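Colleague: Sharing a structure, written as structure tokens. Questions coming.
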Amino acid sequence: MTDAASSGASPVNTGSFEIRRARTADVRAIHRLLEPYVQRRILLGKDLVVLYEATQQFVVAVDAEGEVIACGALHVMWEDLGEVRTLIVADPWLHTGVGRAVVETLEEHARLLGLTRLFCLTFEVDFFTRRGFAPIGEHVVDNDVYSQLVRSPDEGVAEFLDLAHVKPNTLGNTRMLKNL
């Protein structure tokens with residue numbers, strides 16, 4: 001049984017690339033994709049151990065030779081809410097539909113989990129707007145949910161809640177939300 005078959009979702013294959021669930025063997029390639037964006041202060045760095053721990057959250061796009069050319073992760077934040085994280089496309093593959101395919105796959109996984117909303121924190125506002133995301137204000141969850149989420153040690157949850165201690169990491173980013 002393939003990874004996709006066991007998850008209830010089939011891999012996306014366009015002929016030039018395939019989207020599939022990440023494997024531990026992909027983690028170093030994900031880390032290599034991430035590093036240039038960390039150096040340019042576009043994305044926050046992640047230690048290898050953190051990426052290994054999150055392997056099951058990732059999907060990757062691989063080219064015909066099996067090289068990882070893009071990645072993205074779906075992180076569950078609450079019963080109805082998830083976050084698209086660490087969406088990266090290798091420069092030669094920008095504007096080829098790979099990023100769109102990764103996001104569509106993450107959305108499919110979100111629906112299978114029962115999520116109805118997806119959050120992202122991004123500089124790529126136009127890209128996410130074309131995918132149905134819209135900028136959000138400060139209060140997107142009720143007070144009871146907020147009081148639970150604020151207890152999370154996860155930085156992504158803090159970014160979603162727009163907490164003061166993460167603002168230096170999020171300057172220039174736009175908080176966006178999509179209803180599935």
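By order of appearance in the structure tokens: chains A, B, ..., then residues from 1 within every chain, and ligands from 1 in the order shown.
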Output as CSV one row per residue of stretch 27-68 of chain A within 8 Å of stretch 99-103 of chain A: the closest atom pair and its distance in Å to one decimal place, counting only C-alpha atoms, sorted by chain and residue number ascending.

Modeller:
residue,atom,partner,partner_atom,distance
A:Val59,CA,A:Val102,CA,7.1
A:Val60,CA,A:Val102,CA,7.3
A:Ala61,CA,A:Val102,CA,7.1

Colleague: Could you pull out all residues of chain A with a DSSP call of strand (DSSP E) and give them as a PyMOL selection string?

Modeller: chain A and resi 12-13+17-21+58-63+68-78+81-89+117-122+134-135+174-179

Colleague: Could you write out the selected residues, including C-alpha atoms, as a short mmCIF file (atom, residue, chain, number, x, y, z; two decimals), in the first residue's frame?

Modeller:
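Output saved as out_37.cif:
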data_model
loop_
_atom_site.label_atom_id
_atom_site.label_comp_id
_atom_site.auth_asym_id
_atom_site.auth_seq_id
_atom_site.Cartn_x
_atom_site.Cartn_y
_atom_site.Cartn_z
CA VAL A 12 -0.81 14.02 -7.51
CA ASN A 13 1.25 13.28 -10.62
CA PHE A 17 6.51 16.08 -10.81
CA GLU A 18 4.67 14.04 -8.21
CA ILE A 19 3.27 15.14 -4.84
CA ARG A 20 3.49 12.54 -2.07
CA ARG A 21 3.76 12.29 1.69
CA PHE A 58 4.87 17.24 5.25
CA VAL A 59 4.20 16.50 1.63
CA VAL A 60 6.92 16.85 -0.97
CA ALA A 61 7.01 17.36 -4.70
CA VAL A 62 9.61 15.25 -6.46
CA ASP A 63 10.79 15.58 -10.06
CA VAL A 68 12.66 16.94 -3.76
CA ILE A 69 11.71 20.19 -5.51
CA ALA A 70 9.07 21.54 -3.11
CA CYS A 71 7.50 20.90 0.27
CA GLY A 72 4.75 22.03 2.55
CA ALA A 73 3.35 20.99 5.90
CA LEU A 74 -0.10 20.86 7.46
CA HIS A 75 -0.11 21.52 11.19
CA VAL A 76 -3.34 20.95 13.12
CA MET A 77 -3.98 23.82 15.54
CA TRP A 78 -7.52 23.13 16.75
CA LEU A 81 -8.21 24.82 12.21
CA GLY A 82 -4.91 23.95 10.57
CA GLU A 83 -1.90 25.86 9.28
CA VAL A 84 -0.06 25.58 6.00
CA ARG A 85 3.61 25.75 7.02
CA THR A 86 7.02 25.65 5.42
CA LEU A 87 5.71 25.96 1.86
CA ILE A 88 8.85 26.09 -0.29
CA VAL A 89 9.40 25.63 -4.02
CA ARG A 117 -10.24 26.46 8.05
CA LEU A 118 -6.60 26.88 7.06
CA PHE A 119 -4.25 29.60 8.27
CA CYS A 120 -0.98 30.78 6.77
CA LEU A 121 1.54 33.48 7.61
CA THR A 122 3.14 34.66 4.41
CA ALA A 134 -7.85 36.24 2.68
CA PRO A 135 -6.08 38.51 5.19
CA THR A 174 0.39 38.73 6.33
CA ARG A 175 -1.87 36.49 8.39
CA MET A 176 -4.35 34.79 6.06
CA LEU A 177 -7.21 32.35 6.43
CA LYS A 178 -9.20 30.13 4.07
CA ASN A 179 -12.53 28.44 4.71
#

Colleague: Taking only stretch 43-131 of chain A into account, list the residues labelled alpha helix (DSSP H) by DSSP (computed from the backbone), as a ChimeraX atom specification.

Modeller: /A:48-53,98-113,125-130

Colleague: So what do you get for atom CA of A:Glu53 versus atom CA of A:Val125, distance-wise?

Modeller: 28.3 Å

Colleague: What gap, in Å, lies between atom CA of A:Leu43 and atom CA of A:Ile30?

Modeller: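 Pair atom CA of A:Leu43 / atom CA of A:Ile30 returns 12.8 Å.
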
Colleague: Between A:Asp80, A:Asp126, A:Gly172, A:Gln148, single out the one closest to A:Leu112, counting only C-alpha atoms.

Modeller: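 With only C-alpha atoms as the atom set, the closest residue is A:Asp80.
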